[in-house]
$ cat my_file_24.txt   # compact mmCIF, C-alpha atoms
# COMPACT_ATOMS: atom_id res chain seq x y z
CA MET A 1 91.78 91.20 203.64
CA SER A 2 91.70 91.63 207.43
CA SER A 3 93.79 94.35 209.01
CA GLY A 4 95.81 91.70 210.88
CA ARG A 5 96.60 89.85 207.68
CA GLY A 6 97.59 93.13 206.04
CA ARG A 7 100.02 93.91 208.85
CA ALA A 8 101.49 90.43 208.69
CA LYS A 9 101.96 90.60 204.94
CA ALA A 10 103.61 94.01 205.15
CA GLY A 11 106.03 92.78 207.79
CA VAL A 12 107.10 89.79 205.73
CA VAL A 13 107.41 91.81 202.54
CA GLY A 14 109.84 94.14 204.28
CA LEU A 15 112.01 91.31 205.56
CA VAL A 16 112.13 89.45 202.26
CA ALA A 17 112.51 92.55 200.10
CA VAL A 18 115.80 93.58 201.63
CA ALA A 19 117.16 90.06 201.20
CA LEU A 20 116.48 90.20 197.48
CA THR A 21 116.58 93.87 196.48
CA ALA A 22 119.54 96.20 196.27
CA PRO A 23 118.67 96.20 197.28
CA PHE A 24 116.64 113.22 214.46
CA VAL A 25 119.46 113.98 212.11
CA GLY A 26 122.99 113.80 213.45
CA PRO A 27 126.19 115.09 211.88
CA ALA A 28 127.91 112.96 209.28
CA GLN A 29 131.18 111.29 210.18
CA ALA A 30 133.77 109.76 207.88
CA ALA A 31 137.25 108.35 208.25
CA GLY A 32 139.40 106.74 205.59
CA LYS A 33 142.80 105.12 205.80
CA ASP A 34 143.71 106.69 202.47
CA PRO A 35 143.61 110.29 201.28
CA ALA A 36 141.14 109.37 198.54
CA ALA A 37 138.24 109.00 200.98
CA THR A 38 136.67 111.86 199.02
CA GLY A 39 135.84 109.19 196.42
CA HIS A 40 133.01 108.10 198.68
CA ARG A 41 131.39 111.51 199.01
CA ALA A 42 128.35 110.43 197.00
CA THR A 43 127.92 107.41 199.26
CA GLN A 44 128.12 109.63 202.34
CA ARG A 45 125.53 111.98 200.84
CA ALA A 46 123.19 109.05 200.14
CA MET A 47 123.61 107.85 203.73
CA ASP A 48 122.85 111.35 205.02
CA ALA A 49 119.75 111.45 202.80
CA ALA A 50 118.49 108.17 204.30
CA VAL A 51 118.85 109.72 207.77
CA ARG A 52 117.04 112.89 206.71
CA ALA A 53 114.23 110.68 205.40
CA GLY A 54 113.79 109.13 208.85
CA THR A 55 116.20 106.25 209.39
CA PRO A 56 117.92 106.87 212.77
CA GLY A 57 121.45 106.04 211.62
CA VAL A 58 123.61 104.36 209.00
CA THR A 59 127.04 102.76 209.34
CA ALA A 60 129.16 101.70 206.37
CA HIS A 61 132.51 100.27 205.33
CA ALA A 62 133.96 100.17 201.80
CA ARG A 63 137.10 98.61 200.32
CA ASP A 64 138.52 99.45 196.90
CA ALA A 65 141.82 100.04 195.14
CA ARG A 66 142.39 103.24 197.13
CA GLY A 67 142.06 101.58 200.53
CA THR A 68 139.30 101.31 203.12
CA TRP A 69 136.67 103.83 204.13
CA SER A 70 134.46 103.75 207.22
CA ALA A 71 131.63 106.18 207.81
CA ALA A 72 128.45 106.79 209.76
CA SER A 73 125.53 109.16 209.68
CA GLY A 74 122.77 109.96 212.12
CA VAL A 75 122.32 108.60 215.62
CA GLY A 76 122.80 105.27 217.30
CA ASP A 77 120.56 106.09 220.25
CA LEU A 78 117.41 108.18 219.80
CA ARG A 79 117.13 108.74 223.56
CA THR A 80 120.62 110.10 224.17
CA GLY A 81 121.48 111.40 220.70
CA GLU A 82 124.73 109.41 220.67
CA PRO A 83 126.06 109.28 217.08
CA ARG A 84 125.93 106.09 215.05
CA GLY A 85 129.28 104.30 215.30
CA LYS A 86 131.56 103.49 212.36
CA ASN A 87 132.45 100.11 213.89
CA ASP A 88 129.01 99.09 215.15
CA ARG A 89 127.95 95.49 215.44
CA PHE A 90 124.41 94.62 214.36
CA ARG A 91 122.10 91.73 213.50
CA VAL A 92 122.75 90.88 209.84
CA GLY A 93 119.54 88.93 209.15
CA SER A 94 119.53 86.92 205.93
CA ILE A 95 123.21 87.54 205.22
CA THR A 96 123.53 84.54 207.55
CA LYS A 97 122.38 82.44 204.60
CA THR A 98 125.66 82.98 202.75
CA PHE A 99 127.56 81.63 205.77
CA VAL A 100 125.33 78.52 205.94
CA ALA A 101 125.55 77.87 202.20
CA THR A 102 129.35 78.21 202.36
CA VAL A 103 129.59 75.59 205.10
CA LEU A 104 127.41 73.11 203.19
CA LEU A 105 129.44 73.66 200.02
CA GLN A 106 132.66 73.07 201.97
CA MET A 107 131.15 69.81 203.21
CA GLU A 108 130.30 68.87 199.64
CA ALA A 109 133.89 69.56 198.58
CA GLU A 110 135.01 67.22 201.37
CA GLY A 111 132.75 64.46 200.02
CA ARG A 112 130.50 64.47 203.08
CA LEU A 113 127.32 65.23 201.15
CA SER A 114 126.05 66.01 197.66
CA LEU A 115 123.91 68.95 196.64
CA ASP A 116 121.67 66.38 194.97
CA ASP A 117 121.08 64.47 198.21
CA SER A 118 117.48 64.55 199.34
CA VAL A 119 116.55 66.36 202.53
CA GLU A 120 115.21 63.01 203.74
CA GLU A 121 118.70 61.47 203.62
CA HIS A 122 119.97 63.89 206.24
CA LEU A 123 116.78 64.73 208.16
CA PRO A 124 114.77 61.51 207.98
CA GLY A 125 111.05 61.96 208.58
CA LEU A 126 111.25 65.67 209.37
CA VAL A 127 109.73 67.15 206.21
CA ARG A 128 106.41 65.36 205.89
CA GLY A 129 102.72 66.26 205.86
CA ASN A 130 100.34 68.54 203.96
CA GLY A 131 101.93 67.48 200.69
CA ASN A 132 105.46 68.32 201.87
CA ASP A 133 107.95 65.52 201.23
CA GLY A 134 111.65 65.71 202.07
CA ARG A 135 112.28 62.75 199.78
CA ALA A 136 111.48 64.97 196.77
CA ILE A 137 113.54 68.02 197.84
CA THR A 138 117.31 68.26 197.38
CA VAL A 139 119.90 70.19 199.33
CA ARG A 140 120.50 72.32 196.23
CA GLN A 141 116.80 73.23 196.12
CA LEU A 142 116.97 74.42 199.71
CA LEU A 143 119.97 76.63 199.00
CA ASN A 144 118.56 78.21 195.82
CA HIS A 145 114.99 78.54 197.11
CA THR A 146 113.35 76.20 194.62
CA SER A 147 112.08 73.71 197.23
CA GLY A 148 108.49 74.98 197.20
CA LEU A 149 108.38 74.98 200.99
CA PHE A 150 106.21 77.63 202.61
CA ASP A 151 108.13 80.48 204.26
CA TYR A 152 107.44 80.36 207.98
CA LEU A 153 107.79 84.15 208.06
CA ALA A 154 104.72 84.35 205.82
CA ASP A 155 102.56 82.61 208.42
CA GLU A 156 100.13 85.23 209.69
CA LYS A 157 99.98 83.95 213.26
CA TYR A 158 103.77 83.67 213.51
CA VAL A 159 104.29 87.21 212.22
CA GLU A 160 101.72 88.71 214.56
CA THR A 161 103.19 86.80 217.50
CA TYR A 162 106.92 87.34 216.92
CA LEU A 163 107.41 90.24 214.50
CA LEU A 164 104.72 92.87 215.01
CA GLY A 165 103.18 95.03 217.69
CA GLU A 166 102.35 93.75 221.14
CA GLY A 167 103.15 90.21 220.02
CA TYR A 168 106.78 91.10 219.41
CA LEU A 169 107.08 93.07 222.64
CA LYS A 170 105.62 90.16 224.62
CA HIS A 171 107.59 87.35 222.97
CA ARG A 172 110.91 88.98 222.00
CA TYR A 173 112.79 87.01 224.68
CA ASP A 174 111.27 83.59 223.87
CA THR A 175 113.65 80.81 222.87
CA LEU A 176 112.48 79.25 219.59
CA PRO A 177 114.17 76.01 218.50
CA PRO A 178 114.58 75.56 214.73
CA GLU A 179 112.03 72.74 214.78
CA LYS A 180 109.43 75.35 215.79
CA HIS A 181 110.04 77.25 212.55
CA VAL A 182 109.91 74.06 210.49
CA GLY A 183 106.61 73.09 212.13
CA VAL A 184 105.07 76.45 211.26
CA ALA A 185 106.05 75.99 207.61
CA LEU A 186 104.86 72.39 207.36
CA ALA A 187 101.42 73.38 208.62
CA HIS A 188 101.02 74.80 205.10
CA LYS A 189 100.91 73.03 201.77
CA PRO A 190 103.94 73.53 199.51
CA LEU A 191 103.76 76.46 197.12
CA PHE A 192 104.81 74.36 194.09
CA GLU A 193 106.52 71.11 193.15
CA PRO A 194 110.23 71.06 194.06
CA GLY A 195 112.30 72.59 191.30
CA ALA A 196 109.35 74.06 189.41
CA GLU A 197 109.80 77.68 190.48
CA HIS A 198 111.91 80.02 192.59
CA ARG A 199 110.39 81.47 195.76
CA TYR A 200 112.43 82.87 198.65
CA SER A 201 111.67 80.93 201.83
CA ASN A 202 113.47 81.27 205.15
CA THR A 203 112.35 77.73 205.96
CA ASN A 204 114.93 76.45 203.46
CA TYR A 205 117.83 77.76 205.54
CA ILE A 206 116.44 76.49 208.83
CA LEU A 207 116.58 73.05 207.21
CA ALA A 208 120.03 73.80 205.74
CA GLY A 209 121.29 74.59 209.24
CA LEU A 210 119.86 71.32 210.53
CA ILE A 211 121.62 69.46 207.70
CA VAL A 212 124.90 71.13 208.69
CA GLU A 213 124.40 69.68 212.16
CA SER A 214 123.42 66.26 210.86
CA VAL A 215 126.47 65.99 208.59
CA GLY A 216 128.94 67.62 210.98
CA GLY A 217 127.77 65.94 214.16
CA ARG A 218 127.89 69.20 216.08
CA THR A 219 126.08 72.52 216.17
CA TYR A 220 125.67 74.78 213.19
CA GLU A 221 127.21 77.58 215.24
CA GLU A 222 130.39 75.56 215.85
CA GLU A 223 130.73 74.77 212.15
CA VAL A 224 130.37 78.44 211.17
CA ARG A 225 132.82 79.50 213.87
CA ASP A 226 135.53 76.98 213.03
CA ARG A 227 135.18 77.08 209.24
CA ILE A 228 134.66 80.79 208.64
CA ILE A 229 134.77 83.12 211.65
CA ARG A 230 138.07 81.98 213.19
CA PRO A 231 140.07 81.34 209.98
CA LEU A 232 139.16 84.79 208.63
CA GLY A 233 139.71 86.56 211.95
CA LEU A 234 136.17 87.96 212.05
CA LYS A 235 136.45 89.31 215.58
CA ALA A 236 133.15 91.21 215.44
CA THR A 237 131.16 88.23 214.14
CA SER A 238 129.26 85.72 216.27
CA ASN A 239 126.20 83.52 216.56
CA PRO A 240 124.09 84.70 219.50
CA GLY A 241 122.46 81.37 220.40
CA ASN A 242 119.63 82.30 222.75
CA GLY A 243 121.43 85.39 224.05
CA ILE A 244 119.52 88.65 223.89
CA HIS A 245 122.24 91.34 223.86
CA LEU A 246 124.47 92.87 221.20
CA SER A 247 128.15 93.01 222.04
CA ARG A 248 129.77 96.44 222.03
CA PRO A 249 130.39 98.62 220.16
CA SER A 250 126.82 98.75 218.91
CA SER A 251 123.91 101.12 218.53
CA ARG A 252 120.27 100.68 219.43
CA GLY A 253 117.93 99.11 216.85
CA TYR A 254 114.49 100.52 216.09
CA SER A 255 111.27 99.33 214.47
CA LYS A 256 107.83 100.63 213.62
CA LEU A 257 106.02 97.64 215.07
CA PHE A 258 102.54 99.15 214.93
CA GLN A 259 101.45 99.92 211.40
CA ASP A 260 98.32 101.69 212.64
CA LYS A 261 100.69 104.02 214.54
CA PRO A 262 103.20 105.01 211.83
CA ASP A 263 104.92 107.62 213.99
CA ARG A 264 105.61 105.21 216.86
CA ILE A 265 109.18 103.90 217.00
CA ASP A 266 110.15 101.14 219.45
CA ASP A 267 113.63 100.25 220.69
CA ILE A 268 113.92 96.54 219.90
CA THR A 269 117.66 96.08 220.46
CA GLU A 270 117.34 93.15 222.85
CA MET A 271 115.78 89.99 221.45
CA ASN A 272 116.40 86.26 221.69
CA GLY A 273 118.88 85.31 218.96
CA SER A 274 117.23 81.91 218.45
CA GLN A 275 114.37 83.64 216.68
CA GLY A 276 116.63 83.89 213.64
CA TRP A 277 118.99 80.86 213.67
CA GLY A 278 120.37 79.50 210.35
CA ASP A 279 118.27 81.82 208.24
CA GLY A 280 119.24 85.03 210.01
CA ASP A 281 120.88 85.01 213.45
CA ILE A 282 124.46 86.20 212.92
CA ILE A 283 125.78 89.40 214.52
CA SER A 284 128.62 91.16 212.70
CA SER A 285 130.09 94.49 211.55
CA ALA A 286 130.35 96.10 208.13
CA ALA A 287 134.14 95.58 208.01
CA ASP A 288 133.83 91.89 208.95
CA LEU A 289 131.18 91.28 206.29
CA ASN A 290 133.42 92.84 203.65
CA ARG A 291 136.26 90.58 204.77
CA PHE A 292 133.98 87.53 204.53
CA TYR A 293 132.68 88.27 201.03
CA ASN A 294 136.15 89.20 199.82
CA ALA A 295 137.47 85.81 200.95
CA LEU A 296 134.48 84.00 199.47
CA LEU A 297 134.54 85.64 196.04
CA ARG A 298 138.33 85.36 195.73
CA GLY A 299 138.23 81.60 196.30
CA ARG A 300 139.66 81.40 199.81
CA LEU A 301 136.66 79.55 201.26
CA LEU A 302 135.49 77.31 198.40
CA PRO A 303 137.13 75.36 195.57
CA PRO A 304 136.28 76.57 192.02
CA LYS A 305 133.58 73.92 191.48
CA GLN A 306 131.64 74.88 194.58
CA LEU A 307 132.06 78.62 194.02
CA LYS A 308 130.73 78.18 190.48
CA ALA A 309 127.72 76.30 191.84
CA MET A 310 127.10 79.06 194.38
CA LYS A 311 127.08 81.65 191.56
CA THR A 312 124.71 79.70 189.30
CA VAL A 313 121.65 81.94 189.52
CA ALA A 314 117.93 82.00 188.89
CA ARG A 315 115.78 85.13 188.69
CA PRO A 316 113.24 85.41 191.53
CA PRO A 317 109.79 86.62 190.43
CA GLY A 318 109.29 90.36 190.75
CA THR A 319 113.00 91.20 191.16
CA PRO A 320 114.27 92.45 187.78
CA ASP A 321 117.56 93.68 189.25
CA ALA A 322 118.47 90.61 191.31
CA GLU A 323 119.25 86.94 190.69
CA TYR A 324 119.80 84.23 193.30
CA GLY A 325 122.32 81.39 193.43
CA LEU A 326 123.16 79.24 196.47
CA GLY A 327 123.01 81.68 199.37
CA LEU A 328 124.47 84.38 197.14
CA ALA A 329 122.63 87.00 195.07
CA ARG A 330 123.68 88.92 191.97
CA TYR A 331 122.49 92.52 191.73
CA THR A 332 122.61 95.06 188.93
CA THR A 333 122.87 98.75 189.78
CA SER A 334 121.14 101.51 187.82
CA CYS A 335 124.36 102.07 185.84
CA GLY A 336 124.71 98.38 184.96
CA THR A 337 127.40 97.36 187.46
CA GLU A 338 127.02 93.72 188.52
CA LEU A 339 127.51 92.99 192.21
CA TRP A 340 127.47 89.86 194.34
CA GLY A 341 126.39 89.59 197.96
CA HIS A 342 123.26 89.43 200.06
CA GLY A 343 120.82 91.66 201.87
CA GLY A 344 119.55 91.03 205.36
CA ALA A 345 116.80 92.16 207.67
CA MET A 346 115.97 91.50 211.27
CA VAL A 347 113.39 93.40 213.29
CA GLY A 348 115.10 96.77 213.80
CA TRP A 349 117.93 96.31 211.28
CA LEU A 350 118.50 96.44 207.51
CA THR A 351 121.86 95.46 206.00
CA MET A 352 123.35 95.22 202.51
CA ALA A 353 126.70 93.60 201.69
CA VAL A 354 127.84 93.71 198.05
CA SER A 355 131.03 93.32 196.05
CA THR A 356 132.29 93.27 192.52
CA GLU A 357 132.83 89.71 191.34
CA ASP A 358 136.60 89.95 191.77
CA GLY A 359 136.19 91.05 195.40
CA ARG A 360 138.14 94.25 194.82
CA HIS A 361 135.40 96.82 195.42
CA GLN A 362 133.11 96.16 198.35
CA LEU A 363 130.45 97.99 200.31
CA THR A 364 128.52 96.94 203.40
CA PHE A 365 126.13 99.23 205.24
CA ASN A 366 123.50 98.91 207.94
CA TYR A 367 120.43 100.87 209.04
CA ASN A 368 119.42 100.75 212.71
CA GLY A 369 115.80 101.15 211.62
CA ASP A 370 113.84 98.65 209.52
CA TRP A 371 111.29 100.71 207.58
CA ASP A 372 113.09 102.17 204.56
CA ALA A 373 114.51 99.31 202.50
CA PRO A 374 113.94 101.08 199.14
CA SER A 375 116.51 103.78 199.89
CA MET A 376 119.27 101.17 200.19
CA ALA A 377 119.54 100.94 196.39
CA LYS A 378 120.41 104.64 196.31
CA ILE A 379 123.43 104.06 198.55
CA MET A 380 124.61 101.21 196.34
CA ASP A 381 124.21 103.35 193.24
CA ALA A 382 126.10 106.22 194.90
CA GLU A 383 129.06 103.93 195.62
CA TYR A 384 129.22 102.09 192.31
CA CYS A 385 127.83 104.57 189.79
CA ARG A 386 129.90 107.61 190.68
CA SER A 387 131.47 109.24 187.67

$ encode --input "my_file_24.txt" --output "structure tokens"
Amino acid sequence: MSSGRGRAKAGVVGLVAVALTAPFVGPAQAAGKDPAATGHRATQRAMDAAVRAGTPGVTAHARDARGTWSAASGVGDLRTGEPRGKNDRFRVGSITKTFVATVLLQMEAEGRLSLDDSVEEHLPGLVRGNGNDGRAITVRQLLNHTSGLFDYLADEKYVETYLLGEGYLKHRYDTLPPEKHVGVALAHKPLFEPGAEHRYSNTNYILAGLIVESVGGRTYEEEVRDRIIRPLGLKATSNPGNGIHLSRPSSRGYSKLFQDKPDRIDDITEMNGSQGWGDGDIISSAADLNRFYNALLRGRLLPPKQLKAMKTVARPPGTPDAEYGLGLARYTTSCGTELWGHGGAMVGWLTMAVSTEDGRHQLTFNYNGDWDAPSMAKIMDAEYCRS
């Protein structure tokens, strides 16, 4: 294997792993609206441990029967030493997929499409070539990652151009239309026949976003805003379009872009939002993500039939503690607690948003560094496995 291919593979593994898995040291900060904030001491300690291990900073928000708890650890700016903020906004990565799936399921409930429609019915002629055929792939197979379509983020040239090293630094401000991502994927043969297996592919949610636009007759961003963001009052949540900045309050984001220089850390905060789009472009906060998943799991966004479909899961290969439905994953902690939510990664950011099935105990947290996804499971366990 060439060194370039090795770097590309490692970059993709990191991005996909956090979507499927549980999942300078600054002083810890914590603030709870209730006097029982001490119930999250183990979570705070796990966050502090992630910072000691090298992640610049962590921000978190939890909701349970005792109230809400917001906390941060470490720094939000390595240059100035400014602490990580408890209300930071950040790029949520693949958590965007839950928003997209919710919109499509709302459209199904309205009778505007069926999950068993073919991709071809809504995007005629788009998915063709190299054995790829949109006539054989359903909307449901996009949402549960059983389409067989190649993941554009596994394309070596794409990764080296837009996710790693000098390629990222040179092209971070490029505007990439969704059709660019689809074209990268369709340059490859499908991985398997539609429906035969489960394989996580970001390409599926680029196409899902395009179907939202085809059915709705307007942009995917407008549908997400008017169906989810505004009704739930998610004031810290937005789609960036081709904007490059994070709205305040926010911290800086960091990445180890050069795997042959493991001690080098680059500030990657500014990037063109179009490089994520329907598979990973949303900007939000931990509190907003908890509000979103609470509303979703408690039936405020979907009728029972659609919520049941969203929670019908398959087990992805190599992920014994996670199962995937329609834009929603089910996780099992080390103590056996079942949680629903999604993980997300964007260059410079790692996020996990999870909840008990009844929506009553939630945790969302974010790293402003993208190189330590494995430690995220420890924070989940600390929150949900405390004695």

$ closest_atom_pairs --input "my_file_24.txt" --of "stretch 256-343 of chain A" --to "stretch 128-142 of chain A" --cutoff "10 Å" --atoms "only C-alpha atoms" --output "CSV"
residue,atom,partner,partner_atom,distance
A:Ala309,CA,A:Arg140,CA,9.3
A:Met310,CA,A:Arg140,CA,9.6
A:Gly325,CA,A:Arg140,CA,9.7
A:Leu326,CA,A:Arg140,CA,7.4
A:Gly327,CA,A:Leu142,CA,9.5

$ atom_distance --input "my_file_24.txt" --atom1 "atom CA of A:Glu197" --atom2 "atom CA of A:Leu153"
18.8 Å

$ residues_near_point --input "my_file_24.txt" --point "(127.1, 104.0, 209.0)" --cutoff "7 Å" --atoms "all atoms listed in the file" --output "NGL selection string"
:A and (57-60 or 71-73 or 84-86 or 365-366)

$ residues_around --input "my_file_24.txt" --residues "stretch 293-300 of chain A" --least-positions-apart "2" --cutoff "7 Å" --atoms "all atoms listed in the file" --output "VMD selection string"
chain A and resid 289 to 291 302 to 304 357 to 359

$ residues_around --input "my_file_24.txt" --residues "A:Glu338" --least-positions-apart "6" --cutoff "8 Å" --atoms "all atoms listed in the file" --output "ChimeraX atom specification"
/A:330-332,356-357

$ residues_around --input "my_file_24.txt" --residues "A:Ala49" --least-positions-apart "6" --cutoff "10 Å" --atoms "all atoms listed in the file" --output "PDB file with C-alpha atoms, in the frame of the given file"
ATOM      1  CA  VAL A  25     119.460 113.980 212.110  1.00  0.00           C
ATOM      2  CA  THR A  43     127.920 107.410 199.260  1.00  0.00           C
ATOM      3  CA  THR A  55     116.200 106.250 209.390  1.00  0.00           C
ATOM      4  CA  SER A  73     125.530 109.160 209.680  1.00  0.00           C
ATOM      5  CA  GLY A  74     122.770 109.960 212.120  1.00  0.00           C
ATOM      6  CA  SER A 375     116.510 103.780 199.890  1.00  0.00           C
ATOM      7  CA  LYS A 378     120.410 104.640 196.310  1.00  0.00           C
ATOM      8  CA  ILE A 379     123.430 104.060 198.550  1.00  0.00           C
TER       9      ILE A 379
END

$ closest_residue --input "my_file_24.txt" --among "A:Ile228, A:Asp155, A:Thr269, A:Val51" --to "A:Pro83" --atoms "all atoms listed in the file"
A:Val51

$ atom_distance --input "my_file_24.txt" --atom1 "atom CA of A:His198" --atom2 "atom CA of A:Gln275"
24.5 Å

$ closest_residue --input "my_file_24.txt" --among "A:Val75, A:Leu149, A:Val212, A:Leu301" --to "A:His181" --atoms "only C-alpha atoms"
A:Leu149

$ atom_distance --input "my_file_24.txt" --atom1 "atom CA of A:Arg248" --atom2 "atom CA of A:Gly233"
17.3 Å

$ build_atoms --input "my_file_24.txt" --residues "stretch 103-118 of chain A" --atoms "N, CA, C and O atoms" --output "PDB file, keeping the file's coordinate frame"
ATOM      1  N   VAL A 103     129.248  76.781 204.318  1.00  0.00           N
ATOM      2  CA  VAL A 103     129.590  75.590 205.100  1.00  0.00           C
ATOM      3  C   VAL A 103     129.132  74.323 204.387  1.00  0.00           C
ATOM      4  O   VAL A 103     129.884  73.338 204.284  1.00  0.00           O
ATOM      5  N   LEU A 104     127.909  74.304 203.872  1.00  0.00           N
ATOM      6  CA  LEU A 104     127.410  73.110 203.190  1.00  0.00           C
ATOM      7  C   LEU A 104     128.221  72.826 201.921  1.00  0.00           C
ATOM      8  O   LEU A 104     128.504  71.666 201.600  1.00  0.00           O
ATOM      9  N   LEU A 105     128.628  73.872 201.212  1.00  0.00           N
ATOM     10  CA  LEU A 105     129.440  73.660 200.020  1.00  0.00           C
ATOM     11  C   LEU A 105     130.845  73.183 200.375  1.00  0.00           C
ATOM     12  O   LEU A 105     131.447  72.387 199.640  1.00  0.00           O
ATOM     13  N   GLN A 106     131.389  73.620 201.493  1.00  0.00           N
ATOM     14  CA  GLN A 106     132.660  73.070 201.970  1.00  0.00           C
ATOM     15  C   GLN A 106     132.499  71.581 202.270  1.00  0.00           C
ATOM     16  O   GLN A 106     133.374  70.767 201.939  1.00  0.00           O
ATOM     17  N   MET A 107     131.400  71.219 202.895  1.00  0.00           N
ATOM     18  CA  MET A 107     131.150  69.810 203.210  1.00  0.00           C
ATOM     19  C   MET A 107     131.009  68.991 201.935  1.00  0.00           C
ATOM     20  O   MET A 107     131.462  67.837 201.872  1.00  0.00           O
ATOM     21  N   GLU A 108     130.389  69.582 200.906  1.00  0.00           N
ATOM     22  CA  GLU A 108     130.300  68.870 199.640  1.00  0.00           C
ATOM     23  C   GLU A 108     131.692  68.659 199.037  1.00  0.00           C
ATOM     24  O   GLU A 108     132.020  67.575 198.541  1.00  0.00           O
ATOM     25  N   ALA A 109     132.529  69.680 199.105  1.00  0.00           N
ATOM     26  CA  ALA A 109     133.890  69.560 198.580  1.00  0.00           C
ATOM     27  C   ALA A 109     134.680  68.486 199.310  1.00  0.00           C
ATOM     28  O   ALA A 109     135.590  67.865 198.738  1.00  0.00           O
ATOM     29  N   GLU A 110     134.352  68.248 200.562  1.00  0.00           N
ATOM     30  CA  GLU A 110     135.010  67.220 201.370  1.00  0.00           C
ATOM     31  C   GLU A 110     134.418  65.829 201.142  1.00  0.00           C
ATOM     32  O   GLU A 110     134.877  64.847 201.737  1.00  0.00           O
ATOM     33  N   GLY A 111     133.377  65.743 200.298  1.00  0.00           N
ATOM     34  CA  GLY A 111     132.750  64.460 200.020  1.00  0.00           C
ATOM     35  C   GLY A 111     131.798  63.980 201.095  1.00  0.00           C
ATOM     36  O   GLY A 111     131.430  62.798 201.131  1.00  0.00           O
ATOM     37  N   ARG A 112     131.358  64.877 201.962  1.00  0.00           N
ATOM     38  CA  ARG A 112     130.500  64.470 203.080  1.00  0.00           C
ATOM     39  C   ARG A 112     129.021  64.545 202.739  1.00  0.00           C
ATOM     40  O   ARG A 112     128.183  64.039 203.478  1.00  0.00           O
ATOM     41  N   LEU A 113     128.687  65.202 201.645  1.00  0.00           N
ATOM     42  CA  LEU A 113     127.320  65.230 201.150  1.00  0.00           C
ATOM     43  C   LEU A 113     127.347  65.653 199.697  1.00  0.00           C
ATOM     44  O   LEU A 113     128.373  66.084 199.179  1.00  0.00           O
ATOM     45  N   SER A 114     126.211  65.538 199.024  1.00  0.00           N
ATOM     46  CA  SER A 114     126.050  66.010 197.660  1.00  0.00           C
ATOM     47  C   SER A 114     124.895  67.009 197.630  1.00  0.00           C
ATOM     48  O   SER A 114     123.912  66.862 198.381  1.00  0.00           O
ATOM     49  N   LEU A 115     125.011  68.005 196.778  1.00  0.00           N
ATOM     50  CA  LEU A 115     123.910  68.950 196.640  1.00  0.00           C
ATOM     51  C   LEU A 115     122.655  68.270 196.116  1.00  0.00           C
ATOM     52  O   LEU A 115     121.546  68.785 196.281  1.00  0.00           O
ATOM     53  N   ASP A 116     122.823  67.100 195.497  1.00  0.00           N
ATOM     54  CA  ASP A 116     121.670  66.380 194.970  1.00  0.00           C
ATOM     55  C   ASP A 116     121.117  65.355 195.953  1.00  0.00           C
ATOM     56  O   ASP A 116     120.167  64.634 195.626  1.00  0.00           O
ATOM     57  N   ASP A 117     121.687  65.288 197.156  1.00  0.00           N
ATOM     58  CA  ASP A 117     121.080  64.470 198.210  1.00  0.00           C
ATOM     59  C   ASP A 117     119.685  65.004 198.516  1.00  0.00           C
ATOM     60  O   ASP A 117     119.434  66.215 198.457  1.00  0.00           O
ATOM     61  N   SER A 118     118.803  64.105 198.901  1.00  0.00           N
ATOM     62  CA  SER A 118     117.480  64.550 199.340  1.00  0.00           C
ATOM     63  C   SER A 118     117.558  65.045 200.787  1.00  0.00           C
ATOM     64  O   SER A 118     118.451  64.646 201.548  1.00  0.00           O
TER      65      SER A 118
END
